[in-house]
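The structure appears right after this line, and notes come after that.
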Amino acid sequence: MTGRPSQSLRRRTYRLLIIYACCSLPLVAFGAFQSMQTNSNSPLDWVSPSLPPRAEYDLHVKQFGSGDLVAASWPACTIDEPRLDTLLTNLRSHPLFHDKQGAPYFDRVSCGRELVAKLASGSVPISRSAAAERLRGTFVGPDGQQTCVVISLTRSALVRRERLVELIQSCISSVCDVPRDELHLAGPVIDGLTVDQAGRDSLDRLAVPSAAIVLILACLCLKSLRAGMIVFGLSVYCQGATLALIHFCGEPMNALLIVLPPLIQVLTVAGGVHLTNYYFETGQAHGQRLAPWEAIKIGWLPCLLSAGTTALGIGSLVTSRLSPVRSFGVYGSLGVVLSAALLILLVPAVWENWPPRQRRAARGKAQRKKSPEMFLTQWVTRNWRAVLMVSAVAMVAGSWHLKDLKTSVRIETLFSADSRILSDYRWIEEHVGPLVPIDVVVSWPADSPTSLPQRLERIANLQRVVANVPDVAATLSAVQFVPAPVLLLEPPADGGGRILAQLADAARPGLIDAGFVVESEDRQFWRLTARVSSLAPIDYSRFLARLREHIAPELTADAGADGIEVRYTGIMPLVHEIQRLLMHDLLRSFAGAVLTITVIMTLAQGGIAAGLVAMIPNVFPIVLLFGILGWQDVPLDIGTVMTASVALGIAVDDTLHFLSFFHRGLGQGLARPLAIGFAYRHCSAAMIQTSVICGLGMLVFCLSDFLPTSRFAWMTSSFILTTLLADLLLLPALLASPLGRWFAAGDSFSEPEPPVVTRLASGPVFQEDRDAAKSA
């Protein structure tokens, strides 16, 4: 890119680019619109089916039925409410709850009233109060009256879950005369649906204010309405192109991809602001006619390097084993590369045909001496020791608290405390019982000599053990549904086994039908469910360990004799695995991003030592902010985890622009302090402008009701601000220190060939900079 094509050739080429971009607008708009119509989120689907906890959970679902549940309750939902019978009939048989082939959308529909009635009228009748007591904490509340309706959706029904939940609400409201504000819903289906709606609502509600802030700030910072409109318009085009790419690749939107459009916008604006500043500067030196070409000559390499490192930072998330994080890594990196290519191609094309008015000439020499850039240069070159010392202390403190980081994907970390979904969870758990199940599945070989009464006795013993595990609020198993309450709630006395055998044989078909016993060709499986609160601060890892410790002694004595096998499955082990993977993926993706970007930085700076030093201000914000999170005991959610790799890519952007001009100054014979001043003069304003525009543009999404989006926004904004301080203070301090000699002389203290950034992006220093150097 050293020659200049003729002006007529440039005009024709740029005009064609604009025509092609305009012709693609309908396709981009269609793809972007279609992409926003799809949104699918289910934490259960975040991990691969091949992972052991997910594989065990899928096997459990195959054996005992779907875990995609909706739990519904309201104040008048009691075991004495007769309208519940009509409601269950409608949910099971109404055509609206069946597909076109007549297959039901619901695996199972159950209710405490129906279960109490079955127990009370069984082969050995018991009182309704005794039956309710058996179900207390699971299907019947602490008062012995309050109950709930539990609906299990099939896998095929999940694609219609939003419509089905609306129909369930309408059915309950019409049959039981329940106002919508008194109806409380919870369960995995409601979790995923609420995440869908929260992500979509956040974008619908906050995208326009964010875009307006970006547009206004771009115009104010660039001091040109036309320049600001050009940059903003191209950022919107790049947003649409990225969304269209997602649609045409067949990927549905999810809770993380929903924040990709504003991220692409602010990254595109950042590149556009840098290029626009180059345009104004080259226009003063070369005239408006040559300004577009000269600006691209100066800016194409740092822009591509910045886009490349940002894409690598985001792309490192591809290694994640959580599908939303992996999708964000794929389409985020593709979107960044696509946006950079469109920016470099379309910005000069628009300038050529719609040039912004050039700014006034640079200030006089006397004014320049008092400029903020000159002040920063003098201050940093004199106080670099203090800057490095304070930065080192901050990094050591942040590094120390990184060990305190923890992750969480629990429902209370996704929404604010006053959100409707958490209010519904609190109401149901307070009036009915805890909602998070962990299933202990005990199985015997089909040819085991252990009789059915003995198996029931073993399950009863295990149930008493599990009930004594800390944090377990209720248990449910086949024990509650065998009509022998005294024999099953107490250890069987001598002779009780004969009665138990008769009752067990009579109850066996009902236990299979209720989903507590499953028989295969080679084994018989018994399900014991423990319930814990979804809102209590329970450490799932410790809980699972305690549960295994309590159960192991009960099985050790004769497990080998009768072939008993036990597995632990359900929502809790799966959530525990997701939390473990979050932390593991954070470390792995960040390490991969650091390694890859460091290699690129060493190539860009023409030396290993220079590249390593250049990485310090990029790692500094990440260590500092994540150290603060560890210090404050703030758990990392799925949104926060991504920000480390994303922030690293963003941080390198300003670093590369600053170093590009630093090397240009060195290439023109300026000493290091003067080269630092040269870099300050030519890119500090653009760095501040991009940080203000991008930071405030993303900060709007802190108002989102969906906490991962909100945390991603404020973390990204915090990273942008901290990165700006690191690039304006820490990076120049490193360059002014003895370490800066690596940049001036490669990896030795003799003069080498200039690094790649100097060779490819260097150009004539403006005369005013030569004057400033002479006066200094």
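In the structure tokens, each chain is lettered A, B, ... as it comes, each chain's residues begin at 1, and ligands are numbered from 1 in order of appearance.
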
Hey, could you make a per-residue contact list for segment 632-664 of chain A against segment 689-705 of chain A with 12 Å as the cut-off, showing the nearest pair of atoms and its distance in Å to one decimal, counting only C-alpha atoms, sorted by chain and number, as a tab-separated table?
```
residue	atom	partner	partner_atom	distance
A:Ala647	CA	A:Gly695	CA	11.8
A:Ile650	CA	A:Ser691	CA	10.2
A:Ala651	CA	A:Ser691	CA	10.3
A:Asp653	CA	A:Thr690	CA	10.2
A:Asp654	CA	A:Thr690	CA	9.0
A:His657	CA	A:Thr690	CA	11.9
```

Report task. For Ala198 of chain A, please output as a list in words all residues within 10 Å (counting only C-alpha atoms; exclusion window: fewer than 3 positions along the same chain). Result -> Gly192, Leu193, Thr194, Val195, Asp201, Ser202, Leu203, Asp204, Ala255, Leu414, Phe415, Ser704, Asp705, Phe706, Leu707 and Thr709 of chain A

So that I have them on file, write out the residues from the current selection with N, CA and C atoms, as a short mmCIF file (atom, residue, chain, number, x, y, z; two decimals), in the first residue's frame.
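Produced file out.cif, reproduced below:
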```cif
data_model
loop_
_atom_site.label_atom_id
_atom_site.label_comp_id
_atom_site.auth_asym_id
_atom_site.auth_seq_id
_atom_site.Cartn_x
_atom_site.Cartn_y
_atom_site.Cartn_z
N GLY A 192 -35.46 -21.01 31.58
CA GLY A 192 -35.01 -20.78 30.22
C GLY A 192 -35.86 -19.74 29.50
N LEU A 193 -37.18 -19.79 29.69
CA LEU A 193 -38.07 -18.84 29.04
C LEU A 193 -37.82 -17.42 29.54
N THR A 194 -37.61 -17.28 30.84
CA THR A 194 -37.36 -15.95 31.40
C THR A 194 -36.03 -15.39 30.90
N VAL A 195 -35.03 -16.26 30.76
CA VAL A 195 -33.75 -15.82 30.19
C VAL A 195 -33.96 -15.34 28.75
N ASP A 201 -35.79 -8.51 25.83
CA ASP A 201 -36.28 -7.23 26.33
C ASP A 201 -35.14 -6.25 26.56
N SER A 202 -33.99 -6.76 27.01
CA SER A 202 -32.84 -5.87 27.23
C SER A 202 -32.42 -5.21 25.94
N LEU A 203 -32.35 -6.00 24.87
CA LEU A 203 -31.93 -5.44 23.59
C LEU A 203 -32.99 -4.48 23.05
N ASP A 204 -34.26 -4.88 23.15
CA ASP A 204 -35.34 -4.01 22.66
C ASP A 204 -35.38 -2.69 23.42
N ALA A 255 -28.59 -16.14 25.34
CA ALA A 255 -28.43 -15.06 26.32
C ALA A 255 -27.11 -14.33 26.17
N LEU A 414 -28.83 -14.81 38.14
CA LEU A 414 -29.23 -14.39 36.80
C LEU A 414 -30.19 -13.21 36.82
N PHE A 415 -30.89 -13.01 37.95
CA PHE A 415 -31.90 -11.96 38.00
C PHE A 415 -31.79 -11.20 39.31
N SER A 704 -29.98 -3.49 32.34
CA SER A 704 -30.72 -4.70 31.99
C SER A 704 -31.16 -5.45 33.24
N ASP A 705 -32.36 -6.03 33.18
CA ASP A 705 -32.85 -6.85 34.29
C ASP A 705 -32.19 -8.22 34.31
N PHE A 706 -31.56 -8.60 33.20
CA PHE A 706 -30.87 -9.88 33.13
C PHE A 706 -29.44 -9.65 33.58
N LEU A 707 -29.09 -10.18 34.75
CA LEU A 707 -27.83 -9.83 35.40
C LEU A 707 -26.59 -10.21 34.59
N THR A 709 -26.16 -10.00 31.40
CA THR A 709 -26.00 -8.89 30.46
C THR A 709 -25.52 -7.64 31.18
#
```

Alpha helix (DSSP H) residues, from DSSP on the backbone, in segment 652-706 of chain A, as a short mmCIF file (atom, residue, chain, number, x, y, z; two decimals) with all heavy atoms, in the first residue's frame:
```cif
data_model
loop_
_atom_site.label_atom_id
_atom_site.label_comp_id
_atom_site.auth_asym_id
_atom_site.auth_seq_id
_atom_site.Cartn_x
_atom_site.Cartn_y
_atom_site.Cartn_z
N VAL A 652 -5.76 -4.53 23.65
CA VAL A 652 -4.65 -4.48 22.72
C VAL A 652 -4.87 -3.40 21.65
O VAL A 652 -3.91 -2.88 21.07
CB VAL A 652 -4.45 -5.86 22.06
CG1 VAL A 652 -3.36 -5.83 21.00
CG2 VAL A 652 -4.08 -6.89 23.13
N ASP A 653 -6.12 -3.03 21.43
CA ASP A 653 -6.45 -2.05 20.39
C ASP A 653 -5.68 -0.75 20.59
O ASP A 653 -4.87 -0.34 19.74
CB ASP A 653 -7.96 -1.79 20.42
CG ASP A 653 -8.43 -0.91 19.27
OD1 ASP A 653 -7.58 -0.43 18.50
OD2 ASP A 653 -9.64 -0.70 19.16
N ASP A 654 -5.90 -0.08 21.72
CA ASP A 654 -5.23 1.20 21.96
C ASP A 654 -3.72 1.02 22.09
O ASP A 654 -2.94 1.91 21.71
CB ASP A 654 -5.80 1.86 23.22
CG ASP A 654 -7.17 2.46 22.97
OD1 ASP A 654 -7.52 2.68 21.80
OD2 ASP A 654 -7.90 2.70 23.96
N THR A 655 -3.30 -0.10 22.66
CA THR A 655 -1.85 -0.35 22.79
C THR A 655 -1.18 -0.36 21.42
O THR A 655 -0.11 0.25 21.23
CB THR A 655 -1.61 -1.70 23.50
OG1 THR A 655 -2.22 -1.67 24.78
CG2 THR A 655 -0.13 -1.96 23.66
N LEU A 656 -1.79 -1.03 20.46
CA LEU A 656 -1.20 -1.10 19.13
C LEU A 656 -1.17 0.26 18.44
O LEU A 656 -0.21 0.61 17.77
CB LEU A 656 -1.97 -2.11 18.28
CG LEU A 656 -1.69 -3.58 18.59
CD1 LEU A 656 -2.70 -4.48 17.88
CD2 LEU A 656 -0.27 -3.96 18.19
N HIS A 657 -2.23 1.04 18.61
CA HIS A 657 -2.25 2.38 18.00
C HIS A 657 -1.17 3.27 18.62
O HIS A 657 -0.46 3.99 17.91
CB HIS A 657 -3.63 3.01 18.18
CG HIS A 657 -4.66 2.50 17.22
ND1 HIS A 657 -4.72 2.89 15.91
CD2 HIS A 657 -5.65 1.59 17.38
CE1 HIS A 657 -5.71 2.27 15.30
NE2 HIS A 657 -6.30 1.46 16.18
N PHE A 658 -1.03 3.20 19.96
CA PHE A 658 -0.02 4.02 20.62
C PHE A 658 1.38 3.61 20.18
O PHE A 658 2.22 4.45 19.84
CB PHE A 658 -0.17 3.89 22.14
CG PHE A 658 0.61 4.92 22.91
CD1 PHE A 658 0.02 6.10 23.33
CD2 PHE A 658 1.95 4.72 23.23
CE1 PHE A 658 0.73 7.05 24.04
CE2 PHE A 658 2.68 5.66 23.93
CZ PHE A 658 2.06 6.83 24.35
N LEU A 659 1.64 2.29 20.18
CA LEU A 659 2.96 1.81 19.79
C LEU A 659 3.24 2.08 18.32
O LEU A 659 4.40 2.29 17.93
CB LEU A 659 3.08 0.32 20.09
CG LEU A 659 3.18 -0.05 21.58
CD1 LEU A 659 3.16 -1.57 21.74
CD2 LEU A 659 4.43 0.54 22.20
N SER A 660 2.21 2.07 17.50
CA SER A 660 2.41 2.38 16.09
C SER A 660 2.99 3.77 15.91
O SER A 660 3.97 3.97 15.19
CB SER A 660 1.07 2.24 15.34
OG SER A 660 1.21 2.63 13.99
N PHE A 661 2.41 4.75 16.60
CA PHE A 661 2.93 6.11 16.48
C PHE A 661 4.25 6.28 17.23
O PHE A 661 5.10 7.08 16.82
CB PHE A 661 1.88 7.11 16.98
CG PHE A 661 0.87 7.46 15.93
CD1 PHE A 661 -0.37 6.86 15.93
CD2 PHE A 661 1.17 8.37 14.92
CE1 PHE A 661 -1.30 7.17 14.95
CE2 PHE A 661 0.25 8.69 13.94
CZ PHE A 661 -0.99 8.08 13.95
N PHE A 662 4.44 5.56 18.31
CA PHE A 662 5.72 5.59 19.01
C PHE A 662 6.84 5.13 18.07
O PHE A 662 7.91 5.75 17.97
CB PHE A 662 5.65 4.71 20.25
CG PHE A 662 6.95 4.57 20.99
CD1 PHE A 662 7.45 5.61 21.76
CD2 PHE A 662 7.68 3.38 20.92
CE1 PHE A 662 8.65 5.48 22.44
CE2 PHE A 662 8.88 3.25 21.60
CZ PHE A 662 9.36 4.30 22.36
N HIS A 663 6.60 4.03 17.35
CA HIS A 663 7.59 3.54 16.41
C HIS A 663 7.78 4.50 15.24
O HIS A 663 8.90 4.65 14.73
CB HIS A 663 7.19 2.16 15.89
CG HIS A 663 7.44 1.06 16.86
ND1 HIS A 663 8.68 0.78 17.36
CD2 HIS A 663 6.60 0.14 17.43
CE1 HIS A 663 8.62 -0.25 18.18
NE2 HIS A 663 7.35 -0.66 18.24
N ARG A 664 6.73 5.16 14.81
CA ARG A 664 6.87 6.13 13.74
C ARG A 664 7.77 7.28 14.18
O ARG A 664 8.58 7.79 13.40
CB ARG A 664 5.50 6.66 13.31
CG ARG A 664 4.63 5.62 12.61
CD ARG A 664 3.36 6.23 12.07
NE ARG A 664 3.68 7.16 11.01
CZ ARG A 664 3.01 8.29 10.77
NH1 ARG A 664 2.02 8.63 11.55
NH2 ARG A 664 3.35 9.07 9.77
N GLY A 665 7.59 7.70 15.43
CA GLY A 665 8.45 8.75 15.96
C GLY A 665 9.90 8.30 16.02
O GLY A 665 10.82 9.04 15.61
N LEU A 666 10.12 7.07 16.50
CA LEU A 666 11.48 6.55 16.55
C LEU A 666 12.06 6.43 15.14
O LEU A 666 13.26 6.70 14.92
CB LEU A 666 11.49 5.17 17.22
CG LEU A 666 11.16 5.12 18.73
CD1 LEU A 666 11.15 3.66 19.20
CD2 LEU A 666 12.16 5.93 19.53
N GLY A 667 11.22 6.01 14.19
CA GLY A 667 11.69 5.84 12.83
C GLY A 667 12.11 7.15 12.18
O GLY A 667 12.86 7.14 11.19
N ARG A 672 13.34 8.60 22.65
CA ARG A 672 12.17 7.94 23.24
C ARG A 672 11.20 8.92 23.90
O ARG A 672 9.98 8.82 23.69
CB ARG A 672 12.62 6.87 24.24
CG ARG A 672 12.94 5.54 23.56
CD ARG A 672 13.13 4.44 24.58
NE ARG A 672 14.33 4.66 25.37
CZ ARG A 672 14.41 4.49 26.68
NH1 ARG A 672 13.33 4.14 27.36
NH2 ARG A 672 15.54 4.69 27.32
N PRO A 673 11.66 9.87 24.73
CA PRO A 673 10.69 10.80 25.33
C PRO A 673 9.91 11.59 24.28
O PRO A 673 8.70 11.80 24.42
CB PRO A 673 11.56 11.72 26.19
CG PRO A 673 12.78 10.90 26.50
CD PRO A 673 13.02 10.09 25.27
N LEU A 674 10.59 12.00 23.21
CA LEU A 674 9.90 12.75 22.16
C LEU A 674 8.99 11.83 21.34
O LEU A 674 7.92 12.26 20.89
CB LEU A 674 10.92 13.43 21.25
CG LEU A 674 11.77 14.51 21.92
CD1 LEU A 674 12.77 15.07 20.92
CD2 LEU A 674 10.89 15.62 22.48
N ALA A 675 9.39 10.57 21.16
CA ALA A 675 8.52 9.62 20.47
C ALA A 675 7.26 9.35 21.28
O ALA A 675 6.17 9.16 20.72
CB ALA A 675 9.28 8.33 20.19
N ILE A 676 7.39 9.33 22.61
CA ILE A 676 6.22 9.18 23.47
C ILE A 676 5.29 10.38 23.29
O ILE A 676 4.07 10.24 23.16
CB ILE A 676 6.64 9.03 24.95
CG1 ILE A 676 7.37 7.71 25.16
CG2 ILE A 676 5.42 9.13 25.88
CD1 ILE A 676 8.00 7.57 26.53
N GLY A 677 5.87 11.57 23.27
CA GLY A 677 5.06 12.77 23.04
C GLY A 677 4.40 12.75 21.67
O GLY A 677 3.25 13.18 21.53
N PHE A 678 5.13 12.25 20.66
CA PHE A 678 4.57 12.13 19.32
C PHE A 678 3.35 11.20 19.33
O PHE A 678 2.31 11.50 18.72
CB PHE A 678 5.66 11.60 18.39
CG PHE A 678 5.20 11.37 16.98
CD1 PHE A 678 5.04 12.44 16.11
CD2 PHE A 678 4.94 10.09 16.53
CE1 PHE A 678 4.62 12.22 14.81
CE2 PHE A 678 4.53 9.87 15.23
CZ PHE A 678 4.36 10.94 14.36
N ALA A 679 3.47 10.08 20.03
CA ALA A 679 2.34 9.13 20.13
C ALA A 679 1.18 9.75 20.88
O ALA A 679 0.01 9.60 20.49
CB ALA A 679 2.80 7.84 20.81
N ALA A 685 -5.94 11.50 21.84
CA ALA A 685 -7.31 12.01 21.70
C ALA A 685 -8.24 10.92 21.19
O ALA A 685 -9.35 10.74 21.71
CB ALA A 685 -7.32 13.22 20.76
N ALA A 686 -7.80 10.17 20.18
CA ALA A 686 -8.63 9.09 19.65
C ALA A 686 -8.83 8.00 20.69
O ALA A 686 -9.92 7.41 20.78
CB ALA A 686 -7.98 8.51 18.40
N MET A 687 -7.81 7.71 21.49
CA MET A 687 -7.94 6.70 22.54
C MET A 687 -8.99 7.12 23.57
O MET A 687 -9.83 6.32 23.98
CB MET A 687 -6.59 6.46 23.21
CG MET A 687 -5.58 5.75 22.33
SD MET A 687 -3.88 5.89 22.93
CE MET A 687 -4.00 5.11 24.52
N ILE A 688 -8.94 8.38 23.98
CA ILE A 688 -9.92 8.88 24.94
C ILE A 688 -11.31 8.88 24.33
O ILE A 688 -12.30 8.48 24.97
CB ILE A 688 -9.53 10.29 25.42
CG1 ILE A 688 -8.22 10.23 26.21
CG2 ILE A 688 -10.64 10.91 26.28
CD1 ILE A 688 -7.65 11.59 26.55
N GLN A 689 -11.40 9.31 23.08
CA GLN A 689 -12.71 9.35 22.42
C GLN A 689 -13.32 7.96 22.30
O GLN A 689 -14.50 7.76 22.62
CB GLN A 689 -12.55 9.97 21.03
CG GLN A 689 -12.24 11.46 21.05
CD GLN A 689 -11.77 11.95 19.69
OE1 GLN A 689 -11.74 11.21 18.71
NE2 GLN A 689 -11.39 13.23 19.63
N THR A 690 -12.53 6.98 21.84
CA THR A 690 -13.07 5.63 21.70
C THR A 690 -13.46 5.04 23.05
O THR A 690 -14.49 4.35 23.16
CB THR A 690 -12.05 4.72 21.01
OG1 THR A 690 -10.82 4.72 21.76
CG2 THR A 690 -11.76 5.18 19.60
N SER A 691 -12.68 5.32 24.08
CA SER A 691 -13.00 4.78 25.40
C SER A 691 -14.28 5.39 25.95
O SER A 691 -15.12 4.69 26.52
CB SER A 691 -11.84 5.04 26.37
OG SER A 691 -10.67 4.37 25.94
N VAL A 692 -14.43 6.70 25.78
CA VAL A 692 -15.65 7.36 26.26
C VAL A 692 -16.87 6.86 25.49
O VAL A 692 -17.90 6.50 26.08
CB VAL A 692 -15.52 8.89 26.12
CG1 VAL A 692 -16.86 9.58 26.37
CG2 VAL A 692 -14.47 9.43 27.08
N ILE A 693 -16.76 6.80 24.17
CA ILE A 693 -17.89 6.36 23.35
C ILE A 693 -18.24 4.91 23.65
O ILE A 693 -19.42 4.57 23.90
CB ILE A 693 -17.57 6.54 21.86
CG1 ILE A 693 -17.39 8.02 21.52
CG2 ILE A 693 -18.67 5.94 21.00
CD1 ILE A 693 -16.85 8.27 20.12
N CYS A 694 -17.25 4.04 23.62
CA CYS A 694 -17.50 2.62 23.82
C CYS A 694 -17.93 2.32 25.26
O CYS A 694 -18.86 1.54 25.49
CB CYS A 694 -16.26 1.80 23.47
SG CYS A 694 -15.77 1.96 21.74
N GLY A 695 -17.25 2.94 26.22
CA GLY A 695 -17.58 2.69 27.62
C GLY A 695 -18.98 3.11 27.96
O GLY A 695 -19.75 2.35 28.57
N LEU A 696 -19.38 4.33 27.58
CA LEU A 696 -20.72 4.81 27.88
C LEU A 696 -21.77 4.10 27.05
O LEU A 696 -22.90 3.87 27.52
CB LEU A 696 -20.80 6.32 27.66
CG LEU A 696 -19.97 7.17 28.62
CD1 LEU A 696 -20.14 8.65 28.32
CD2 LEU A 696 -20.35 6.89 30.08
N GLY A 697 -21.41 3.74 25.80
CA GLY A 697 -22.36 2.99 24.98
C GLY A 697 -22.68 1.64 25.58
O GLY A 697 -23.85 1.21 25.58
N MET A 698 -21.69 0.94 26.11
CA MET A 698 -21.92 -0.36 26.75
C MET A 698 -22.55 -0.20 28.13
O MET A 698 -23.32 -1.05 28.57
CB MET A 698 -20.61 -1.13 26.87
CG MET A 698 -20.12 -1.75 25.58
SD MET A 698 -21.25 -2.99 24.90
CE MET A 698 -21.26 -4.21 26.21
N LEU A 699 -22.24 0.90 28.81
CA LEU A 699 -22.71 1.08 30.18
C LEU A 699 -24.23 1.14 30.25
O LEU A 699 -24.82 0.81 31.29
CB LEU A 699 -22.12 2.37 30.76
CG LEU A 699 -22.11 2.50 32.28
CD1 LEU A 699 -21.28 1.40 32.91
CD2 LEU A 699 -21.56 3.87 32.69
#
```

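Restricting the calculation to only C-alpha atoms, the smallest distance between Ala157 of chain A and any of A:His584, A:Arg321, A:Arg711, A:His98 is found for A:His98.
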
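The space separating atom CA of Met583 of chain A from atom CA of Ile571 of chain A comes to 18.8 Å.
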
Report task. Could you find all residues in segment 89-164 of chain A that DSSP calls strand (DSSP E or B) from the backbone, and write them as an NGL selection string? Result -> :A and (98 or 104 or 106-111 or 136 or 140 or 146-147 or 149-153)

Query - Selection near segment 613-622 of chain A, 10 Å with only C-alpha atoms, sequence-local residues under 4 positions removed, as a PyMOL selection string - result: chain A and resi 391-392+394-396+398-399+590+594+597-598+601-602+605+608-609+626-628+643-645+647-656+659+715+718-732+734-735+739-740+742-743

Save out the residues we just selected, C-alpha atoms, as a compact mmCIF listing (two decimals), in the first residue's frame.
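Okay, this is what ended up in again_33.txt:
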```txt
# COMPACT_ATOMS: atom_id res chain seq x y z
CA SER A 391 0.97 -0.49 39.00
CA ALA A 392 3.13 -3.32 40.33
CA ALA A 394 -1.96 -3.14 42.20
CA MET A 395 -1.11 -6.16 40.04
CA VAL A 396 0.34 -8.11 42.95
CA GLY A 398 -5.07 -8.34 42.24
CA SER A 399 -3.12 -11.53 41.55
CA PHE A 590 -7.68 -16.57 28.86
CA VAL A 594 -2.70 -14.34 26.26
CA ILE A 597 -1.82 -12.35 21.39
CA THR A 598 1.65 -12.28 22.99
CA MET A 601 2.64 -8.69 19.82
CA THR A 602 6.24 -9.93 19.69
CA GLN A 605 7.15 -5.14 17.94
CA ILE A 608 10.32 -11.06 22.19
CA ALA A 609 11.25 -8.73 25.05
CA PHE A 626 -10.88 -9.86 38.49
CA GLY A 627 -8.79 -9.50 41.65
CA ILE A 628 -11.35 -7.00 42.93
CA THR A 643 -15.12 -10.50 29.71
CA ALA A 644 -11.53 -11.59 30.44
CA SER A 645 -10.86 -12.78 26.89
CA ALA A 647 -11.28 -7.34 27.40
CA LEU A 648 -7.84 -8.62 26.45
CA GLY A 649 -8.69 -8.23 22.78
CA ILE A 650 -10.11 -4.73 23.34
CA ALA A 651 -7.12 -3.68 25.47
CA VAL A 652 -4.65 -4.48 22.72
CA ASP A 653 -6.45 -2.05 20.39
CA ASP A 654 -5.23 1.20 21.96
CA THR A 655 -1.85 -0.35 22.79
CA LEU A 656 -1.20 -1.10 19.13
CA LEU A 659 2.96 1.81 19.79
CA MET A 715 -17.32 -5.25 33.42
CA SER A 718 -14.73 -0.97 33.55
CA PHE A 719 -12.16 -2.78 31.43
CA ILE A 720 -12.32 -0.05 28.79
CA LEU A 721 -11.73 2.68 31.39
CA THR A 722 -8.94 0.78 33.15
CA THR A 723 -7.34 -0.07 29.81
CA LEU A 724 -7.37 3.62 28.85
CA LEU A 725 -5.53 4.51 32.06
CA ALA A 726 -3.05 1.69 31.48
CA ASP A 727 -2.35 2.81 27.90
CA LEU A 728 -2.07 6.50 28.81
CA LEU A 729 0.03 6.06 31.94
CA LEU A 730 1.47 2.56 32.40
CA LEU A 731 2.48 1.96 28.76
CA PRO A 732 4.29 5.34 28.37
CA LEU A 734 7.26 1.42 30.51
CA LEU A 735 8.49 3.09 27.33
CA LEU A 739 12.54 -1.38 29.46
CA GLY A 740 11.69 1.04 26.67
CA TRP A 742 13.80 -2.93 23.92
CA PHE A 743 11.34 -1.04 21.71
```

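Interatomic distance, atom CA of Phe481 of chain A to atom CA of Arg455 of chain A: 14.2 Å.
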
Query - For segment 291-304 of chain A: contacts at 7 Å, only C-alpha atoms, fewer than 3 positions along chain excluded, given as an NGL selection string - result: :A and (1 or 271 or 275 or 278-279 or 282-283 or 286-288 or 307-308 or 340 or 344 or 348 or 351-352 or 656-657 or 660 or 761)

Using only C-alpha atoms, which residues of segment 210-311 of chain A come within 10 Å of segment 17-38 of chain A, and what is the closest atom pair for each, with the distance in Å to one decimal? Give it as CSV, sorted by chain and residue number.
```
residue,atom,partner,partner_atom,distance
A:Tyr237,CA,A:Val28,CA,8.0
A:Cys238,CA,A:Val28,CA,9.3
A:Gln239,CA,A:Ala32,CA,8.3
A:Gly240,CA,A:Ala32,CA,5.2
A:Ala241,CA,A:Val28,CA,5.4
A:Thr242,CA,A:Ala32,CA,7.7
A:Leu243,CA,A:Ala32,CA,4.6
A:Ala244,CA,A:Gly31,CA,3.9
A:Leu245,CA,A:Gly31,CA,7.3
A:Ile246,CA,A:Ser35,CA,6.7
A:His247,CA,A:Ser35,CA,4.8
A:Phe248,CA,A:Gly31,CA,6.8
A:Gly250,CA,A:Ser35,CA,8.9
A:Glu251,CA,A:Ser35,CA,8.2
A:Pro252,CA,A:Thr38,CA,5.3
A:Met253,CA,A:Thr38,CA,5.6
A:Asn254,CA,A:Thr38,CA,8.2
A:Ile258,CA,A:Met36,CA,8.4
A:Pro261,CA,A:Ala32,CA,9.9
```

Could those residues be written to a file, using C-alpha atoms, as a PDB file, in the first residue's frame?
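And here's selection.pdb as it stands now:
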```
ATOM      1  CA  TYR A 237     -24.257  -1.838   9.147  1.00  0.00           C
ATOM      2  CA  CYS A 238     -21.609  -4.032  10.789  1.00  0.00           C
ATOM      3  CA  GLN A 239     -24.069  -4.946  13.548  1.00  0.00           C
ATOM      4  CA  GLY A 240     -26.601  -6.047  10.981  1.00  0.00           C
ATOM      5  CA  ALA A 241     -24.005  -7.968   8.983  1.00  0.00           C
ATOM      6  CA  THR A 242     -22.942  -9.882  12.097  1.00  0.00           C
ATOM      7  CA  LEU A 243     -26.553 -10.736  13.012  1.00  0.00           C
ATOM      8  CA  ALA A 244     -27.207 -11.808   9.435  1.00  0.00           C
ATOM      9  CA  LEU A 245     -24.137 -14.054   9.589  1.00  0.00           C
ATOM     10  CA  ILE A 246     -25.560 -15.710  12.718  1.00  0.00           C
ATOM     11  CA  HIS A 247     -28.906 -16.269  11.002  1.00  0.00           C
ATOM     12  CA  PHE A 248     -27.542 -17.657   7.734  1.00  0.00           C
ATOM     13  CA  GLY A 250     -28.412 -21.422  11.352  1.00  0.00           C
ATOM     14  CA  GLU A 251     -27.464 -20.438  14.920  1.00  0.00           C
ATOM     15  CA  PRO A 252     -30.296 -19.316  17.237  1.00  0.00           C
ATOM     16  CA  MET A 253     -29.710 -16.346  19.474  1.00  0.00           C
ATOM     17  CA  ASN A 254     -28.984 -17.025  23.128  1.00  0.00           C
ATOM     18  CA  ILE A 258     -27.753 -11.002  22.562  1.00  0.00           C
ATOM     19  CA  PRO A 261     -24.580  -6.479  18.503  1.00  0.00           C
TER      20      PRO A 261
END
```

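Among the candidate residues A:Leu260, A:Val347, A:Leu322, A:Ile151, the one lying nearest to Met229 of chain A is A:Val347, with distances computed using only C-alpha atoms.
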